[in-house]
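my_file.txt follows; it contains compact mmCIF, C-alpha atoms (C1' of nucleotides).
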```txt
# COMPACT_ATOMS: atom_id res chain seq x y z
CA GLY A 1 0.00 0.00 0.00
CA PHE A 2 0.82 3.68 -0.14
CA ILE A 3 0.04 5.97 2.78
CA VAL A 4 -1.93 9.08 1.86
CA THR A 5 -2.36 10.37 5.39
CA GLY A 6 -1.51 8.93 8.79
CA SER A 7 1.17 6.53 9.95
CA VAL A 8 1.78 2.89 10.78
CA ARG A 9 4.17 0.82 12.84
CA TYR A 10 5.59 -2.57 11.95
CA PHE A 11 5.99 -5.06 14.75
CA HIS A 12 6.94 -8.63 15.53
CA ILE A 13 5.57 -10.85 18.26
CA LYS A 14 8.10 -12.72 20.35
CA GLU A 15 7.03 -14.75 23.35
CA GLY A 16 3.78 -12.83 23.62
CA GLN A 17 5.46 -9.43 23.51
CA ASP A 18 5.13 -7.14 20.56
CA ILE A 19 8.30 -5.44 19.38
CA THR A 20 8.20 -2.49 17.03
CA GLY A 21 10.69 -2.60 14.17
CA TYR A 22 9.83 0.23 11.83
CA PHE A 23 7.49 3.10 11.00
CA SER A 24 6.02 4.57 7.83
CA PHE A 25 4.40 7.95 7.30
CA GLU A 26 2.58 9.94 4.61
CA ASN A 27 3.85 9.47 1.06
CA GLU A 28 5.66 6.27 1.89
CA PHE A 29 4.92 2.73 0.93
CA VAL A 30 3.87 0.21 3.48
CA SER A 31 3.94 -3.55 3.31
CA SER A 32 5.31 -6.68 4.80
CA TYR A 33 7.53 -6.70 1.75
CA LYS A 34 8.98 -10.15 1.97
CA SER A 35 5.57 -11.64 2.57
CA PHE A 36 4.17 -9.67 -0.36
CA LEU A 37 6.94 -10.82 -2.67
CA THR A 38 7.01 -14.47 -1.67
CA GLY A 39 3.29 -14.89 -1.13
CA GLN A 40 4.09 -16.65 2.14
CA PRO A 41 2.64 -15.52 5.44
CA GLY A 42 5.15 -13.37 7.27
CA PHE A 43 5.98 -12.54 10.83
CA THR A 44 5.71 -8.80 10.46
CA TYR A 45 2.47 -7.22 11.62
CA ILE A 46 1.34 -3.73 10.73
CA GLN A 47 -0.87 -1.41 12.72
CA ALA A 48 -2.19 2.07 11.97
CA LEU A 49 -1.45 4.51 14.78
CA GLU A 50 -3.64 7.34 13.62
CA ASP A 51 -6.60 7.52 11.27
CA THR A 52 -4.80 6.48 8.13
CA ARG A 53 -5.82 6.55 4.47
CA LEU A 54 -4.16 4.06 2.17
CA ILE A 55 -4.07 3.16 -1.48
CA THR A 56 -3.63 -0.59 -1.58
CA PHE A 57 -3.04 -3.22 -4.18
CA THR A 58 -2.65 -6.96 -3.89
CA LYS A 59 0.00 -9.33 -5.12
CA LYS A 60 -2.59 -10.54 -7.62
CA ASP A 61 -3.07 -6.99 -8.93
CA MET A 62 0.66 -6.71 -9.30
CA ASP A 63 1.03 -10.03 -11.11
CA GLN A 64 -1.81 -9.21 -13.48
CA MET A 65 -0.22 -5.92 -14.38
CA LEU A 66 3.14 -7.59 -14.89
CA ALA A 67 1.46 -10.07 -17.24
CA ASN A 68 -0.15 -7.31 -19.29
CA PRO A 69 2.18 -6.26 -22.14
CA MET A 70 0.74 -2.75 -22.08
CA LEU A 71 1.72 -2.27 -18.46
CA ALA A 72 4.57 -4.69 -17.77
CA TYR A 73 7.41 -2.33 -18.56
CA LYS A 74 6.11 0.46 -16.33
CA ILE A 75 5.35 -1.90 -13.50
CA GLU A 76 8.72 -3.62 -13.65
CA ARG A 77 10.29 -0.22 -13.43
CA PHE A 78 7.99 0.85 -10.63
CA GLY A 79 8.83 -2.32 -8.68
CA ARG A 80 12.52 -1.81 -9.23
CA LEU A 81 12.51 1.77 -8.01
CA VAL A 82 10.42 1.03 -4.94
CA ALA A 83 12.60 -1.93 -3.99
CA GLU A 84 15.77 0.07 -4.52
CA GLN A 85 14.56 2.87 -2.32
CA TYR A 86 13.78 0.48 0.49
CA LEU A 87 17.15 -1.15 -0.02
CA CYS A 88 19.02 2.07 0.64
CA CYS A 89 17.12 2.60 3.91
CA TYR A 90 17.73 -0.96 5.03
CA GLU A 91 21.41 -0.82 4.23
CA ASP A 92 21.84 2.21 6.48
CA ARG A 93 19.78 0.61 9.20
CA ILE A 94 21.83 -2.58 9.21
CA ALA A 95 25.04 -0.56 9.22
CA SER A 96 23.79 1.27 12.31
CA PHE A 97 23.36 -2.00 14.19
CA ILE A 98 26.81 -3.19 13.18
CA THR A 99 28.81 -0.05 13.80
CA GLN A 100 26.96 1.97 16.45
CA THR A 101 26.07 1.65 20.11
CA PRO A 102 22.44 2.16 21.17
CA GLU A 103 23.35 5.61 22.45
CA GLU A 104 24.90 6.54 19.11
CA ARG A 105 21.83 5.29 17.31
CA TYR A 106 19.64 7.46 19.52
CA LEU A 107 21.79 10.54 18.93
CA HIS A 108 21.61 9.92 15.21
CA LEU A 109 17.85 9.71 15.46
CA LEU A 110 17.83 13.04 17.29
CA ASN A 111 19.54 14.62 14.30
CA THR A 112 17.56 12.99 11.53
CA GLY A 113 14.35 11.43 12.80
CA ARG A 114 12.08 14.31 13.71
CA GLU A 115 9.04 12.58 12.31
CA ILE A 116 9.57 9.48 14.44
CA LEU A 117 10.52 11.39 17.59
CA GLN A 118 7.53 13.68 17.39
CA ARG A 119 4.85 11.20 16.46
CA MET A 120 5.80 7.90 18.07
CA PRO A 121 5.66 6.93 21.75
CA GLN A 122 9.01 6.36 23.32
CA HIS A 123 8.67 2.66 24.00
CA TYR A 124 8.16 2.00 20.30
CA ILE A 125 11.24 4.07 19.52
CA ALA A 126 13.23 2.01 22.03
CA ASN A 127 12.32 -1.20 20.18
CA TYR A 128 13.19 0.46 16.91
CA LEU A 129 16.65 1.21 18.28
CA GLY A 130 17.03 -2.40 19.42
CA ILE A 131 16.80 -1.75 23.18
CA THR A 132 14.21 -1.77 25.96
CA PRO A 133 12.15 1.28 26.97
CA VAL A 134 13.93 1.36 30.33
CA SER A 135 17.29 1.49 28.65
CA LEU A 136 16.23 4.31 26.34
CA SER A 137 15.03 6.31 29.31
CA ARG A 138 18.49 5.94 30.88
CA ILE A 139 20.23 6.96 27.67
CA ARG A 140 18.08 10.08 27.51
CA ARG A 141 19.10 11.04 31.01
CA ARG A 142 22.76 10.51 30.18
CA VAL A 143 22.48 12.59 27.04
CA ILE A 144 20.59 15.41 28.73
CA THR A 145 22.83 15.71 31.77
CA ASN A 146 26.07 15.33 29.78
CA PRO A 147 25.47 17.44 26.69
CA LEU A 148 28.54 18.20 24.47
CA GLY B 1 29.22 -7.72 -9.77
CA PHE B 2 28.41 -11.40 -9.70
CA ILE B 3 30.71 -13.86 -7.96
CA VAL B 4 31.69 -16.86 -10.08
CA THR B 5 34.10 -18.38 -7.57
CA GLY B 6 35.42 -17.20 -4.22
CA SER B 7 33.97 -14.96 -1.55
CA VAL B 8 34.05 -11.41 -0.25
CA ARG B 9 33.36 -9.54 2.93
CA TYR B 10 31.75 -6.13 3.30
CA PHE B 11 33.12 -3.84 5.97
CA HIS B 12 32.89 -0.38 7.42
CA ILE B 13 35.64 1.67 8.99
CA LYS B 14 34.87 3.33 12.29
CA GLU B 15 37.53 5.15 14.26
CA GLY B 16 40.27 3.30 12.41
CA GLN B 17 38.79 -0.13 13.06
CA ASP B 18 37.27 -2.19 10.33
CA ILE B 19 33.96 -3.85 11.11
CA THR B 20 32.60 -6.63 8.92
CA GLY B 21 28.92 -6.37 8.07
CA TYR B 22 28.19 -9.02 5.48
CA PHE B 23 29.54 -11.76 3.25
CA SER B 24 28.84 -12.96 -0.28
CA PHE B 25 29.77 -16.27 -1.90
CA GLU B 26 29.64 -18.01 -5.28
CA ASN B 27 26.53 -17.32 -7.38
CA GLU B 28 25.61 -14.24 -5.41
CA PHE B 29 25.73 -10.60 -6.37
CA VAL B 30 28.14 -8.26 -4.75
CA SER B 31 28.06 -4.50 -4.55
CA SER B 32 27.88 -1.53 -2.32
CA TYR B 33 24.29 -1.34 -3.49
CA LYS B 34 23.32 2.05 -2.20
CA SER B 35 26.47 3.55 -3.61
CA PHE B 36 25.84 1.84 -6.94
CA LEU B 37 22.27 3.12 -7.09
CA THR B 38 22.89 6.66 -5.98
CA GLY B 39 26.23 7.13 -7.71
CA GLN B 40 27.52 8.63 -4.47
CA PRO B 41 30.62 7.30 -2.74
CA GLY B 42 29.62 4.97 0.04
CA PHE B 43 31.02 3.88 3.35
CA THR B 44 30.93 0.18 2.62
CA TYR B 45 34.20 -1.40 1.56
CA ILE B 46 34.51 -4.79 -0.08
CA GLN B 47 37.43 -7.18 0.07
CA ALA B 48 37.98 -10.57 -1.55
CA LEU B 49 38.96 -13.21 0.99
CA GLU B 50 40.00 -15.92 -1.45
CA ASP B 51 41.03 -15.86 -5.09
CA THR B 52 37.76 -14.62 -6.50
CA ARG B 53 36.44 -14.42 -10.05
CA LEU B 54 33.79 -11.80 -10.77
CA ILE B 55 31.59 -10.65 -13.59
CA THR B 56 31.26 -6.91 -13.16
CA PHE B 57 29.30 -4.11 -14.71
CA THR B 58 29.25 -0.42 -13.98
CA LYS B 59 26.43 1.98 -13.25
CA LYS B 60 27.10 3.43 -16.69
CA ASP B 61 26.63 0.00 -18.29
CA MET B 62 23.38 -0.33 -16.42
CA ASP B 63 22.10 3.10 -17.41
CA GLN B 64 22.99 2.53 -21.06
CA MET B 65 21.08 -0.74 -21.09
CA LEU B 66 18.10 0.91 -19.40
CA ALA B 67 18.15 3.58 -22.11
CA ASN B 68 18.19 1.04 -24.91
CA PRO B 69 14.60 0.12 -25.94
CA MET B 70 15.74 -3.34 -26.98
CA LEU B 71 17.03 -4.10 -23.49
CA ALA B 72 15.20 -1.81 -21.09
CA TYR B 73 12.37 -4.16 -20.22
CA LYS B 74 14.66 -7.07 -19.40
CA ILE B 75 16.99 -4.90 -17.38
CA GLU B 76 14.22 -3.26 -15.42
CA ARG B 77 12.99 -6.73 -14.57
CA PHE B 78 16.48 -7.93 -13.73
CA GLY B 79 17.02 -4.95 -11.46
CA ARG B 80 13.70 -5.51 -9.77
CA LEU B 81 14.34 -9.17 -9.05
CA VAL B 82 17.85 -8.61 -7.74
CA ALA B 83 16.72 -5.77 -5.49
CA GLU B 84 13.79 -7.80 -4.20
CA GLN B 85 15.99 -10.73 -3.34
CA TYR B 86 18.33 -8.52 -1.35
CA LEU B 87 15.35 -6.93 0.34
CA CYS B 88 14.14 -10.24 1.73
CA CYS B 89 17.56 -10.97 3.21
CA TYR B 90 17.83 -7.52 4.73
CA GLU B 91 14.36 -7.69 6.23
CA ASP B 92 15.26 -10.88 8.09
CA ARG B 93 18.54 -9.43 9.20
CA ILE B 94 16.97 -6.29 10.63
CA ALA B 95 14.35 -8.39 12.38
CA SER B 96 17.12 -10.41 14.01
CA PHE B 97 18.66 -7.27 15.50
CA ILE B 98 15.29 -6.09 16.80
CA THR B 99 13.97 -9.33 18.25
CA GLN B 100 16.97 -11.48 19.16
CA THR B 101 19.84 -11.39 21.62
CA PRO B 102 23.39 -11.88 20.30
CA GLU B 103 23.32 -15.44 21.63
CA GLU B 104 20.09 -16.18 19.77
CA ARG B 105 21.54 -14.74 16.60
CA TYR B 106 24.57 -17.00 16.95
CA LEU B 107 22.41 -20.08 17.52
CA HIS B 108 20.40 -19.21 14.45
CA LEU B 109 23.60 -18.91 12.47
CA LEU B 110 24.62 -22.36 13.70
CA ASN B 111 21.44 -23.77 12.17
CA THR B 112 21.46 -21.90 8.89
CA GLY B 113 24.84 -20.35 8.15
CA ARG B 114 27.13 -23.26 7.33
CA GLU B 115 28.83 -21.34 4.56
CA ILE B 116 29.71 -18.42 6.79
CA LEU B 117 30.75 -20.56 9.76
CA GLN B 118 33.01 -22.76 7.68
CA ARG B 119 34.67 -20.16 5.55
CA MET B 120 34.90 -17.02 7.64
CA PRO B 121 37.21 -16.30 10.58
CA GLN B 122 35.40 -15.93 13.84
CA HIS B 123 36.17 -12.29 14.48
CA TYR B 124 34.44 -11.34 11.24
CA ILE B 125 31.44 -13.41 12.26
CA ALA B 126 31.35 -11.58 15.59
CA ASN B 127 31.09 -8.24 13.80
CA TYR B 128 28.41 -9.66 11.54
CA LEU B 129 26.38 -10.57 14.64
CA GLY B 130 26.84 -7.07 16.02
CA ILE B 131 29.20 -7.97 18.86
CA THR B 132 32.94 -8.08 19.63
CA PRO B 133 35.12 -11.14 19.00
CA VAL B 134 35.66 -11.51 22.74
CA SER B 135 31.95 -11.60 23.36
CA LEU B 136 31.39 -14.23 20.67
CA SER B 137 34.06 -16.40 22.24
CA ARG B 138 32.18 -16.24 25.55
CA ILE B 139 28.89 -17.06 23.90
CA ARG B 140 30.46 -20.11 22.30
CA ARG B 141 31.68 -21.33 25.66
CA ARG B 142 28.24 -20.83 27.18
CA VAL B 143 26.58 -22.69 24.34
CA ILE B 144 29.03 -25.59 24.39
CA THR B 145 29.02 -26.16 28.14
CA ASN B 146 25.24 -25.70 28.48
CA PRO B 147 23.88 -27.52 25.45
CA LEU B 148 20.10 -27.70 24.90
C1' DC C 1 62.68 -24.55 10.00
C1' DT C 2 62.05 -20.33 12.42
C1' DA C 3 60.18 -15.89 13.49
C1' DA C 4 56.34 -13.00 12.97
C1' DA C 5 51.62 -12.35 12.46
C1' DT C 6 46.99 -13.80 13.04
C1' DT C 7 43.37 -15.92 15.45
C1' DC C 8 41.06 -17.48 19.40
C1' DT C 9 40.56 -17.97 24.28
C1' DT C 10 40.70 -16.52 28.95
C1' DA C 11 40.86 -13.27 32.83
C1' DT C 12 39.89 -8.85 35.01
C1' DC C 13 37.52 -4.79 35.40
C1' DT C 14 34.15 -1.27 33.93
C1' DT C 15 30.10 -0.01 31.60
C1' DT C 16 25.84 -0.97 29.79
C1' DT C 17 21.74 -3.46 29.33
C1' DG C 18 17.86 -6.46 30.85
C1' DT C 19 14.47 -7.51 34.40
C1' DT C 20 11.26 -6.44 37.72
C1' DA C 21 8.82 -3.46 40.45
C1' DA C 22 7.26 0.93 42.23
C1' DC C 23 5.65 5.53 41.47
C1' DG C 24 3.74 9.74 39.37
C1' DT C 25 1.46 11.56 35.04
C1' DT C 26 -1.23 11.53 31.44
C1' DT C 27 -4.84 9.63 28.56
C1' DC C 28 -9.01 7.52 27.78
C1' DA C 29 -13.57 5.22 28.41
C1' DG C 30 -17.64 4.82 30.79
C1' DC D 1 -16.12 12.98 37.10
C1' DT D 2 -13.82 8.74 38.08
C1' DG D 3 -11.43 4.46 37.67
C1' DA D 4 -8.54 1.96 34.58
C1' DA D 5 -5.10 1.75 31.34
C1' DA D 6 -0.99 3.44 29.17
C1' DC D 7 3.32 5.87 29.42
C1' DG D 8 7.66 7.49 31.18
C1' DT D 9 11.02 7.60 34.95
C1' DT D 10 13.63 5.72 38.59
C1' DA D 11 15.72 2.19 41.61
C1' DA D 12 17.92 -2.27 42.66
C1' DC D 13 19.88 -6.26 41.21
C1' DA D 14 21.52 -9.77 37.89
C1' DA D 15 23.30 -10.76 33.41
C1' DA D 16 25.68 -9.54 29.50
C1' DA D 17 28.79 -6.88 26.76
C1' DG D 18 32.86 -3.72 25.98
C1' DA D 19 37.83 -2.75 26.83
C1' DT D 20 42.26 -4.22 27.69
C1' DA D 21 45.84 -7.35 28.28
C1' DA D 22 48.05 -11.80 28.39
C1' DG D 23 48.78 -16.23 26.67
C1' DA D 24 47.99 -20.54 23.48
C1' DA D 25 47.46 -22.24 19.04
C1' DT D 26 47.54 -21.78 14.31
C1' DT D 27 48.98 -19.81 10.00
C1' DT D 28 52.05 -17.41 7.11
C1' DA D 29 56.32 -15.61 5.22
C1' DG D 30 61.06 -15.64 4.56
```
Is it possible to express this structure as structure tokens?
Amino acid sequence: GFIVTGSVRYFHIKEGQDITGYFSFENEFVSSYKSFLTGQPGFTYIQALEDTRLITFTKKDMDQMLANPMLAYKIERFGRLVAEQYLCCYEDRIASFITQTPEERYLHLLNTGREILQRMPQHYIANYLGITPVSLSRIRRRVITNPL
Amino acid sequence: GFIVTGSVRYFHIKEGQDITGYFSFENEFVSSYKSFLTGQPGFTYIQALEDTRLITFTKKDMDQMLANPMLAYKIERFGRLVAEQYLCCYEDRIASFITQTPEERYLHLLNTGREILQRMPQHYIANYLGITPVSLSRIRRRVITNPL
DNA sequence: CTAAATTCTTATCTTTTGTTAACGTTTCAG
DNA sequence: CTGAAACGTTAACAAAAGATAAGAATTTAG
């Protein structure tokens, strides 16, 4: 789907707990991409966090358009560009887990993630950074009391 | 590029230290994908770890083929499928950082990552799991002495 | 074969995180 | 308005990870 207005969070369920992994906002695509591509049920759940308007299409819609010679070229291109855009985001995100500490990831979010910081509750943001809400609260205190 | 024989590692450099983020083996693609797509210099370095044979093409090659009406459709499709395949891998990898502990990630690698475990030195694998080599060594001891 | 370099383990200490629980605030539903 | 739920902070303790250094074991180069 494509978000016209509103926002969503992606989450996983592990041992009964739900853990938020990502967010999408207006003018972004939203899907459990792997599940969409493979047609297999996935383990990523999606929830709207505000009243959200979406334009959606199914895998079947996609396949039919790909099979239609009048549309195939445009849709192949569309699929390529969407996938590539996601890829760039994911590459950065993986690099952040490999090279940065949770505190560094939070500081980076402070500089670049206004949308997330302003619109998402803190315990979702903690999950997104790969830590617990308690730990994020401690990091915030550290950062506030030791600026620089 | 596409690896015919051999293997490579991807790494970042942070404060003088190099940190391995990923590996690719025979019959897989290899590139600093974001850098390739955007044309901007990236922060991902790639190094061959064995004698490695590659088939390579440049961004310019790609753009020329995309501009050629005889080839464009096939190349758009090719680009889409390659990007989508990467996307699925990355999605799983991000989920592992969000939902699993380092020990769980290592156990998962034991079950699925024969190629990496057999062909890569352990300190690269530690980086790949998002931890230090010392910490991986401790996890291995825990896992061996407390099986189950 | 030998010396140097690399890799892995182990130990010690410090820092950080996870877990659990308590508390105050805010938000929300009835 | 009121009680319940959700959210953020803090504290206390246990577990894990990072940093550093030392020492085997292995690999590599000359």
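Omitting range 17-19 of chain C and its sequence neighbours fewer than 4 positions away, and counting only C-alpha atoms (C1' of nucleotides), the residues within 12 Å are Thr101, Pro102, Glu103, Gly130, Ile131, Thr132, Pro133, Val134, Ser135, Leu136, Ser137, Arg138 and Ile139 of chain A; Thr101 of chain B; DA12, DC13, DA14, DA15, DA16, DA17 and DG18 of chain D.
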Margin query: What's the separation between CA of Ile125 in chain B and CA of Ala126 in chain A, in Å to one decimal place?
Written below: 25.8 Å
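Note that C1' of DT25 in chain C and CA of Arg140 in chain A are 18.3 Å apart.
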Margin query: With only C-alpha atoms (C1' of nucleotides) as the counted atoms, please give the residues lying no more than 12 Å from DA5 in chain C, apart from itself and same-chain residues fewer than 6 positions off, as number ranges by chain.
Written below: D: 26-29
Note to self: One number please: CA of Leu49 in chain B to CA of Arg93 in chain B, in Å, one decimal.
What the structure shows: 22.3 Å
Checklist line | Nearest-residue call for Val8 in chain B, choices B:Ala95, B:Ile75, B:Ile116, B:Val82, using only C-alpha atoms | finding: B:Ile116
Margin query: Based on all atoms listed in the file, which of the residues in chain A come within 7 Å of chain B? I want them as a list in words.
Written below: Ile19, Gly21, Lys34, Tyr73, Glu76, Arg77, Gly79, Arg80, Ala83, Glu84, Leu87, Cys88, Tyr90, Ile94, Phe97, Ile98, Thr99, Asn127, Tyr128 and Gly130 of chain A
Would you save the residues of that selection, restricted to C-alpha atoms, as a compact mmCIF listing (two decimals), in the coordinates of the input?
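New file again.txt:
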```
# COMPACT_ATOMS: atom_id res chain seq x y z
CA ILE A 19 8.30 -5.44 19.38
CA GLY A 21 10.69 -2.60 14.17
CA LYS A 34 8.98 -10.15 1.97
CA TYR A 73 7.41 -2.33 -18.56
CA GLU A 76 8.72 -3.62 -13.65
CA ARG A 77 10.29 -0.22 -13.43
CA GLY A 79 8.83 -2.32 -8.68
CA ARG A 80 12.52 -1.81 -9.23
CA ALA A 83 12.60 -1.93 -3.99
CA GLU A 84 15.77 0.07 -4.52
CA LEU A 87 17.15 -1.15 -0.02
CA CYS A 88 19.02 2.07 0.64
CA TYR A 90 17.73 -0.96 5.03
CA ILE A 94 21.83 -2.58 9.21
CA PHE A 97 23.36 -2.00 14.19
CA ILE A 98 26.81 -3.19 13.18
CA THR A 99 28.81 -0.05 13.80
CA ASN A 127 12.32 -1.20 20.18
CA TYR A 128 13.19 0.46 16.91
CA GLY A 130 17.03 -2.40 19.42
```
Note to self: Counting all atoms listed in the file, a student should be able to say which residues of chain C come within 12 Å of chain B; what is the right answer, written as a ChimeraX atom specification?
What the structure shows: /C:6-11,17-18
The selected residues should be written to file as a CSV table (one decimal), keeping the file's coordinate frame (atoms: C-alpha atoms (C1' of nucleotides)).
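Dumped everything to again-v1.csv:
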```
chain,number,residue,atom,x,y,z
C,6,DT,C1',47.0,-13.8,13.0
C,7,DT,C1',43.4,-15.9,15.4
C,8,DC,C1',41.1,-17.5,19.4
C,9,DT,C1',40.6,-18.0,24.3
C,10,DT,C1',40.7,-16.5,29.0
C,11,DA,C1',40.9,-13.3,32.8
C,17,DT,C1',21.7,-3.5,29.3
C,18,DG,C1',17.9,-6.5,30.8
```
Can I get the residues of chain D within 10 Å of chain A, each with the closest pair of atoms and their distance in Å to one decimal, using all atoms listed in the file, sorted chain first then ascending number, as a tab-separated table?
```
residue	atom	partner	partner_atom	distance
D:DC7	C1'	A:Pro121	CA	8.1
D:DG8	C1'	A:Ser137	CA	7.7
D:DT9	C1'	A:Ser137	CA	7.0
D:DT10	C1'	A:Arg138	CA	9.1
```
Note to self: Given all atoms listed in the file as the basis, pick out the residue of B:Arg114, B:Arg119, B:His108, B:Arg53 nearest to Glu26 in chain B.
What the structure shows: B:Arg53
Item checked: DC13 in chain C surroundings by all atoms listed in the file, 12 Å radius, close-in-sequence under 6 positions cut, as a PyMOL selection string -> chain D and resi 18-21
Next item on the list: For Phe29 in chain B, please output as a ChimeraX atom specification all residues within 10 Å (counting only C-alpha atoms (C1' of nucleotides); exclusion window: fewer than 6 positions along the same chain).
Entry: /B:1-4,54-56,82,86
Filled-in N, CA and C atoms of range 51-66 of chain B, supplied as a tab-separated table (two decimals), keeping the file's coordinate frame:
```tsv
chain	number	residue	atom	x	y	z
B	51	ASP	N	40.94	-16.22	-3.69
B	51	ASP	CA	41.03	-15.86	-5.09
B	51	ASP	C	39.61	-15.88	-5.63
B	52	THR	N	39.17	-14.77	-6.16
B	52	THR	CA	37.76	-14.62	-6.50
B	52	THR	C	37.61	-14.15	-7.94
B	53	ARG	N	36.72	-14.84	-8.68
B	53	ARG	CA	36.44	-14.42	-10.05
B	53	ARG	C	35.07	-13.77	-10.10
B	54	LEU	N	35.00	-12.60	-10.75
B	54	LEU	CA	33.79	-11.80	-10.77
B	54	LEU	C	33.39	-11.45	-12.19
B	55	ILE	N	32.10	-11.33	-12.41
B	55	ILE	CA	31.59	-10.65	-13.59
B	55	ILE	C	31.10	-9.30	-13.11
B	56	THR	N	31.64	-8.23	-13.68
B	56	THR	CA	31.26	-6.91	-13.16
B	56	THR	C	30.62	-6.07	-14.25
B	57	PHE	N	29.79	-5.15	-13.81
B	57	PHE	CA	29.30	-4.11	-14.71
B	57	PHE	C	29.16	-2.83	-13.92
B	58	THR	N	29.27	-1.72	-14.65
B	58	THR	CA	29.25	-0.42	-13.98
B	58	THR	C	27.85	0.17	-14.01
B	59	LYS	N	27.68	1.21	-13.23
B	59	LYS	CA	26.43	1.98	-13.25
B	59	LYS	C	26.17	2.52	-14.65
B	60	LYS	N	27.25	2.90	-15.33
B	60	LYS	CA	27.10	3.43	-16.69
B	60	LYS	C	26.58	2.33	-17.62
B	61	ASP	N	27.14	1.12	-17.50
B	61	ASP	CA	26.63	0.00	-18.29
B	61	ASP	C	25.13	-0.16	-18.06
B	62	MET	N	24.78	-0.13	-16.80
B	62	MET	CA	23.38	-0.33	-16.42
B	62	MET	C	22.49	0.75	-17.04
B	63	ASP	N	22.90	2.00	-16.90
B	63	ASP	CA	22.10	3.10	-17.41
B	63	ASP	C	21.97	3.04	-18.93
B	64	GLN	N	23.06	2.64	-19.59
B	64	GLN	CA	22.99	2.53	-21.06
B	64	GLN	C	22.00	1.45	-21.48
B	65	MET	N	22.02	0.33	-20.74
B	65	MET	CA	21.08	-0.74	-21.09
B	65	MET	C	19.64	-0.31	-20.82
B	66	LEU	N	19.45	0.43	-19.72
B	66	LEU	CA	18.10	0.91	-19.40
B	66	LEU	C	17.61	1.90	-20.45
```
